[in-house]
Amino acid sequence: MMSRGGVGVETSQRDRPRKELQAAEIGAVAHLYRAEVYRSTIWRTRLDTTTNWAVVTLGIALSITYAAPAASALPLVLVGVLLLFFLVLEARRYRFFNVWRARCRWMETHFYAPMLHDGDLHLEENWQKTLAEDYWRPEYHVSLMVAIGRRVRSTYLWILLIQGLAYLGKIVVHPAPAESVDQIFARASVGPVPGAVMVTLGVLYVLAAVSMAIWSYEHDRKRAIHRGGGRESSMG
């Protein structure tokens with residue numbers, strides 16, 4: 001194709017249709033899949049490491065708080081800051097993990113599954129172009145909020161619930177079983193902060209985690225329905 005000025009315009013390789021893959025190219029895709037599985041495994045391990053940090057930190061706070069009836073419940077409050085930090089850090093790692101996992105899943109559903117099912121790679125569906133675009137212009141497949149919601153739903157909701165129950169149990173049972181709600185609030189006070197405020201913040205803290213988990217579930221459910229309807233061609 002020539003322009004008016006006589007300058008030739010090359011046809012982009014990525015716009016040329018491909019209807020079949022040779023044996024060497026199939027082998028290259030197989031090696032690519034192995035590499036993506038390896039990278040997703042590495043980032044999956046990093047996710048587990050962050051979760052372990054959160055569990056160990058909460059365990060230390062529990063040990064300090066329940067070491068004696070007169071021990072303060074403050075460590076269970078302060079550990080919440082660390083848990084939130086670990087949650088955000090793990091969500092960031094999850095966004096990286098999701099990139100490699102999405103690529104693996106895309107190759108499994110569009111390359112290996114059709115090849116095993118009927119021997120046809122169905123390149124006419126242009127799934128390979130979507131994968132190529134992800135390599136040309138790599139980007140996160142989920143937002144930070146979605147990543148946080150998924151990690152809360154799968155792991156951190158239970159950690160935060162244990163933290164909340166442990167804190168409530170501490171102020172109700174130690175140093176002696178509470179005899180009234182006012183006594184519970186008195187034990188929950190931290191310095192100039194009234195106990196009622198501390199308990200209210202704790203309830204909001206747990207409710208925020210539950211709300212995030214519910215929102216994440218609804219978001220992923222709607223996304224799955226949307227993709228199932230054939231209206232989304234991207235990975236993620």
# chains A, B, ... in the order shown; residues from 1 in each chain; ligands from 1
call {"tool": "closest_atom_pairs", "arguments": {"of": "range 71-124 of chain A", "to": "range 128-133 of chain A", "cutoff": "9 Å", "atoms": "only C-alpha atoms", "output": "JSON lines"}}
result
{"residue": "A:Arg103", "atom": "CA", "partner": "A:Leu131", "partner_atom": "CA", "distance": 7.2}
{"residue": "A:Trp106", "atom": "CA", "partner": "A:Leu131", "partner_atom": "CA", "distance": 7.7}
{"residue": "A:Met107", "atom": "CA", "partner": "A:Leu131", "partner_atom": "CA", "distance": 8.3}
{"residue": "A:His110", "atom": "CA", "partner": "A:Gln128", "partner_atom": "CA", "distance": 8.3}
{"residue": "A:Phe111", "atom": "CA", "partner": "A:Gln128", "partner_atom": "CA", "distance": 8.7}
{"residue": "A:Leu123", "atom": "CA", "partner": "A:Gln128", "partner_atom": "CA", "distance": 6.9}
call {"tool": "closest_residue", "arguments": {"among": "A:Phe86, A:Trp100, A:Trp127, A:Tyr217", "to": "Leu47 in chain A", "atoms": "only C-alpha atoms"}}
result
A:Phe86
call {"tool": "closest_atom_pairs", "arguments": {"of": "range 20-122 of chain A", "to": "range 175-189 of chain A", "cutoff": "9 Å", "atoms": "only C-alpha atoms", "output": "Markdown table"}}
result
| residue | atom | partner | partner_atom | distance |
| --- | --- | --- | --- | --- |
| A:Ala68 | CA | A:Pro175 | CA | 8.2 |
| A:Pro69 | CA | A:Pro175 | CA | 4.5 |
| A:Ala70 | CA | A:Pro175 | CA | 5.4 |
| A:Ala71 | CA | A:Pro175 | CA | 8.2 |
| A:Ala73 | CA | A:Ala188 | CA | 7.8 |
| A:Leu74 | CA | A:Ala188 | CA | 8.8 |
call {"tool": "write_last_selection", "arguments": {"atoms": "N, CA, C and O atoms", "output": "PDB file, in the first residue's frame"}}
result
ATOM      1  N   ALA A  68      -1.410 -13.142  80.918  1.00  0.00           N
ATOM      2  CA  ALA A  68      -1.846 -13.027  82.316  1.00  0.00           C
ATOM      3  C   ALA A  68      -3.190 -12.318  82.348  1.00  0.00           C
ATOM      4  O   ALA A  68      -3.503 -11.519  81.450  1.00  0.00           O
ATOM      5  N   PRO A  69      -4.019 -12.578  83.343  1.00  0.00           N
ATOM      6  CA  PRO A  69      -5.318 -11.912  83.423  1.00  0.00           C
ATOM      7  C   PRO A  69      -5.219 -10.390  83.459  1.00  0.00           C
ATOM      8  O   PRO A  69      -6.101  -9.697  82.960  1.00  0.00           O
ATOM      9  N   ALA A  70      -4.132  -9.878  84.033  1.00  0.00           N
ATOM     10  CA  ALA A  70      -3.988  -8.426  84.137  1.00  0.00           C
ATOM     11  C   ALA A  70      -3.314  -7.803  82.918  1.00  0.00           C
ATOM     12  O   ALA A  70      -3.151  -6.581  82.861  1.00  0.00           O
ATOM     13  N   ALA A  71      -2.920  -8.624  81.930  1.00  0.00           N
ATOM     14  CA  ALA A  71      -2.244  -8.094  80.745  1.00  0.00           C
ATOM     15  C   ALA A  71      -3.207  -7.225  79.935  1.00  0.00           C
ATOM     16  O   ALA A  71      -4.413  -7.457  79.896  1.00  0.00           O
ATOM     17  N   ALA A  73      -5.111  -5.432  76.747  1.00  0.00           N
ATOM     18  CA  ALA A  73      -5.633  -5.864  75.450  1.00  0.00           C
ATOM     19  C   ALA A  73      -5.126  -4.986  74.305  1.00  0.00           C
ATOM     20  O   ALA A  73      -5.472  -5.216  73.143  1.00  0.00           O
ATOM     21  N   LEU A  74      -4.296  -3.990  74.645  1.00  0.00           N
ATOM     22  CA  LEU A  74      -3.809  -3.054  73.638  1.00  0.00           C
ATOM     23  C   LEU A  74      -3.040  -3.727  72.497  1.00  0.00           C
ATOM     24  O   LEU A  74      -3.168  -3.289  71.343  1.00  0.00           O
TER      25      LEU A  74
END
call {"tool": "residues_around", "arguments": {"residues": "Leu58 in chain A", "least_positions_apart": "4", "cutoff": "12 Å", "atoms": "only C-alpha atoms", "output": "PyMOL selection string"}}
result
chain A and resi 51-54+62-65+75-84+86+156+158-164+166-167
call {"tool": "write_last_selection", "arguments": {"atoms": "N, CA, C and O atoms", "output": "tab-separated table (two decimals), in the first residue's frame"}}
result
chain	number	residue	atom	x	y	z
A	51	THR	N	0.78	-13.91	54.18
A	51	THR	CA	-0.25	-14.45	55.06
A	51	THR	C	0.36	-15.02	56.33
A	51	THR	O	-0.16	-14.84	57.44
A	52	ASN	N	1.49	-15.72	56.17
A	52	ASN	CA	2.18	-16.27	57.34
A	52	ASN	C	2.62	-15.16	58.30
A	52	ASN	O	2.54	-15.31	59.53
A	53	TRP	N	3.11	-14.03	57.73
A	53	TRP	CA	3.49	-12.91	58.58
A	53	TRP	C	2.31	-12.42	59.40
A	53	TRP	O	2.43	-12.14	60.59
A	54	ALA	N	1.14	-12.32	58.75
A	54	ALA	CA	-0.06	-11.84	59.44
A	54	ALA	C	-0.47	-12.80	60.55
A	54	ALA	O	-0.82	-12.36	61.67
A	62	LEU	N	-1.72	-12.31	70.53
A	62	LEU	CA	-2.57	-13.14	71.38
A	62	LEU	C	-1.79	-13.66	72.59
A	62	LEU	O	-2.31	-13.68	73.72
A	63	SER	N	-0.55	-14.08	72.35
A	63	SER	CA	0.26	-14.60	73.44
A	63	SER	C	0.53	-13.54	74.50
A	63	SER	O	0.46	-13.80	75.70
A	64	ILE	N	0.81	-12.31	74.04
A	64	ILE	CA	1.09	-11.23	74.99
A	64	ILE	C	-0.17	-10.84	75.76
A	64	ILE	O	-0.15	-10.65	76.97
A	65	THR	N	-1.28	-10.75	75.04
A	65	THR	CA	-2.53	-10.29	75.67
A	65	THR	C	-3.06	-11.30	76.68
A	65	THR	O	-3.58	-10.92	77.74
A	75	PRO	N	-2.21	-4.77	72.74
A	75	PRO	CA	-1.51	-5.41	71.63
A	75	PRO	C	-2.45	-5.92	70.53
A	75	PRO	O	-2.11	-5.88	69.35
A	76	LEU	N	-3.65	-6.37	70.92
A	76	LEU	CA	-4.61	-6.83	69.92
A	76	LEU	C	-5.16	-5.68	69.08
A	76	LEU	O	-5.59	-5.89	67.95
A	77	VAL	N	-5.14	-4.49	69.65
A	77	VAL	CA	-5.57	-3.31	68.89
A	77	VAL	C	-4.46	-2.86	67.95
A	77	VAL	O	-4.69	-2.60	66.77
A	78	LEU	N	-3.25	-2.79	68.47
A	78	LEU	CA	-2.12	-2.32	67.67
A	78	LEU	C	-1.78	-3.27	66.53
A	78	LEU	O	-1.32	-2.83	65.46
A	79	VAL	N	-2.00	-4.56	66.74
A	79	VAL	CA	-1.66	-5.52	65.68
A	79	VAL	C	-2.56	-5.32	64.46
A	79	VAL	O	-2.21	-5.73	63.35
A	80	GLY	N	-3.71	-4.67	64.67
A	80	GLY	CA	-4.59	-4.40	63.53
A	80	GLY	C	-3.92	-3.53	62.47
A	80	GLY	O	-4.18	-3.68	61.28
A	81	VAL	N	-3.05	-2.62	62.91
A	81	VAL	CA	-2.33	-1.76	61.96
A	81	VAL	C	-1.41	-2.61	61.09
A	81	VAL	O	-1.34	-2.44	59.87
A	82	LEU	N	-0.72	-3.55	61.72
A	82	LEU	CA	0.16	-4.44	60.96
A	82	LEU	C	-0.64	-5.33	60.02
A	82	LEU	O	-0.23	-5.58	58.89
A	83	LEU	N	-1.79	-5.81	60.48
A	83	LEU	CA	-2.61	-6.67	59.63
A	83	LEU	C	-3.09	-5.92	58.39
A	83	LEU	O	-3.11	-6.47	57.29
A	84	LEU	N	-3.46	-4.66	58.56
A	84	LEU	CA	-3.88	-3.86	57.41
A	84	LEU	C	-2.72	-3.62	56.46
A	84	LEU	O	-2.88	-3.62	55.23
A	86	PHE	N	-0.12	-5.64	56.05
A	86	PHE	CA	0.12	-6.91	55.36
A	86	PHE	C	-0.96	-7.16	54.30
A	86	PHE	O	-0.67	-7.71	53.22
A	156	TYR	N	-8.05	-12.95	54.88
A	156	TYR	CA	-7.94	-11.96	55.95
A	156	TYR	C	-9.23	-11.75	56.72
A	156	TYR	O	-9.18	-11.27	57.87
A	158	TRP	N	-11.06	-14.02	58.00
A	158	TRP	CA	-11.00	-14.94	59.14
A	158	TRP	C	-9.95	-14.48	60.14
A	158	TRP	O	-10.15	-14.61	61.36
A	159	ILE	N	-8.84	-13.94	59.67
A	159	ILE	CA	-7.82	-13.41	60.58
A	159	ILE	C	-8.36	-12.24	61.38
A	159	ILE	O	-8.17	-12.15	62.61
A	160	LEU	N	-9.07	-11.34	60.71
A	160	LEU	CA	-9.62	-10.16	61.40
A	160	LEU	C	-10.75	-10.56	62.36
A	160	LEU	O	-10.90	-9.95	63.43
A	161	LEU	N	-11.54	-11.57	61.99
A	161	LEU	CA	-12.58	-12.05	62.89
A	161	LEU	C	-11.98	-12.66	64.16
A	161	LEU	O	-12.48	-12.44	65.27
A	162	ILE	N	-10.90	-13.42	63.99
A	162	ILE	CA	-10.22	-13.99	65.16
A	162	ILE	C	-9.67	-12.88	66.04
A	162	ILE	O	-9.77	-12.94	67.28
A	163	GLN	N	-9.10	-11.86	65.42
A	163	GLN	CA	-8.60	-10.73	66.19
A	163	GLN	C	-9.71	-10.05	66.98
A	163	GLN	O	-9.56	-9.76	68.17
A	164	GLY	N	-10.85	-9.81	66.32
A	164	GLY	CA	-11.97	-9.17	66.98
A	164	GLY	C	-12.54	-9.99	68.12
A	164	GLY	O	-12.83	-9.46	69.20
A	166	ALA	N	-10.97	-12.32	69.80
A	166	ALA	CA	-9.97	-12.40	70.87
A	166	ALA	C	-9.99	-11.13	71.72
A	166	ALA	O	-9.89	-11.19	72.96
A	167	TYR	N	-10.14	-9.99	71.07
A	167	TYR	CA	-10.20	-8.72	71.81
A	167	TYR	C	-11.45	-8.67	72.68
A	167	TYR	O	-11.39	-8.29	73.86
call {"tool": "select_by_dssp", "arguments": {"residues": "range 6-236 of chain A", "states": "alpha helix (DSSP H)", "output": "NGL selection string"}}
result
:A and (23-65 or 74-107 or 113-118 or 127-136 or 144-151 or 157-173 or 181-188 or 195-228)
call {"tool": "closest_residue", "arguments": {"among": "A:Tyr94, A:Ala23, A:Arg227, A:Ile42", "to": "Arg151 in chain A", "atoms": "only C-alpha atoms"}}
result
A:Tyr94
call {"tool": "closest_residue", "arguments": {"among": "A:Val190, A:Met198, A:Leu121, A:Ala209", "to": "Leu168 in chain A", "atoms": "only C-alpha atoms"}}
result
A:Met198
call {"tool": "atom_distance", "arguments": {"atom1": "CA of Glu90 in chain A", "atom2": "CA of Trp43 in chain A"}}
result
10.1 Å
call {"tool": "atom_distance", "arguments": {"atom1": "CA of Tyr140 in chain A", "atom2": "CA of Ala91 in chain A"}}
result
11.9 Å
call {"tool": "closest_residue", "arguments": {"among": "A:Leu165, A:Cys104, A:Val210, A:Leu204", "to": "Arg150 in chain A", "atoms": "only C-alpha atoms"}}
result
A:Val210
call {"tool": "closest_residue", "arguments": {"among": "A:Val88, A:Ile225, A:Ala102, A:Val172", "to": "Val142 in chain A", "atoms": "only C-alpha atoms"}}
result
A:Ala102
call {"tool": "closest_residue", "arguments": {"among": "A:Ala113, A:Leu21, A:Ala67, A:Val99", "to": "Tyr135 in chain A", "atoms": "only C-alpha atoms"}}
result
A:Val99
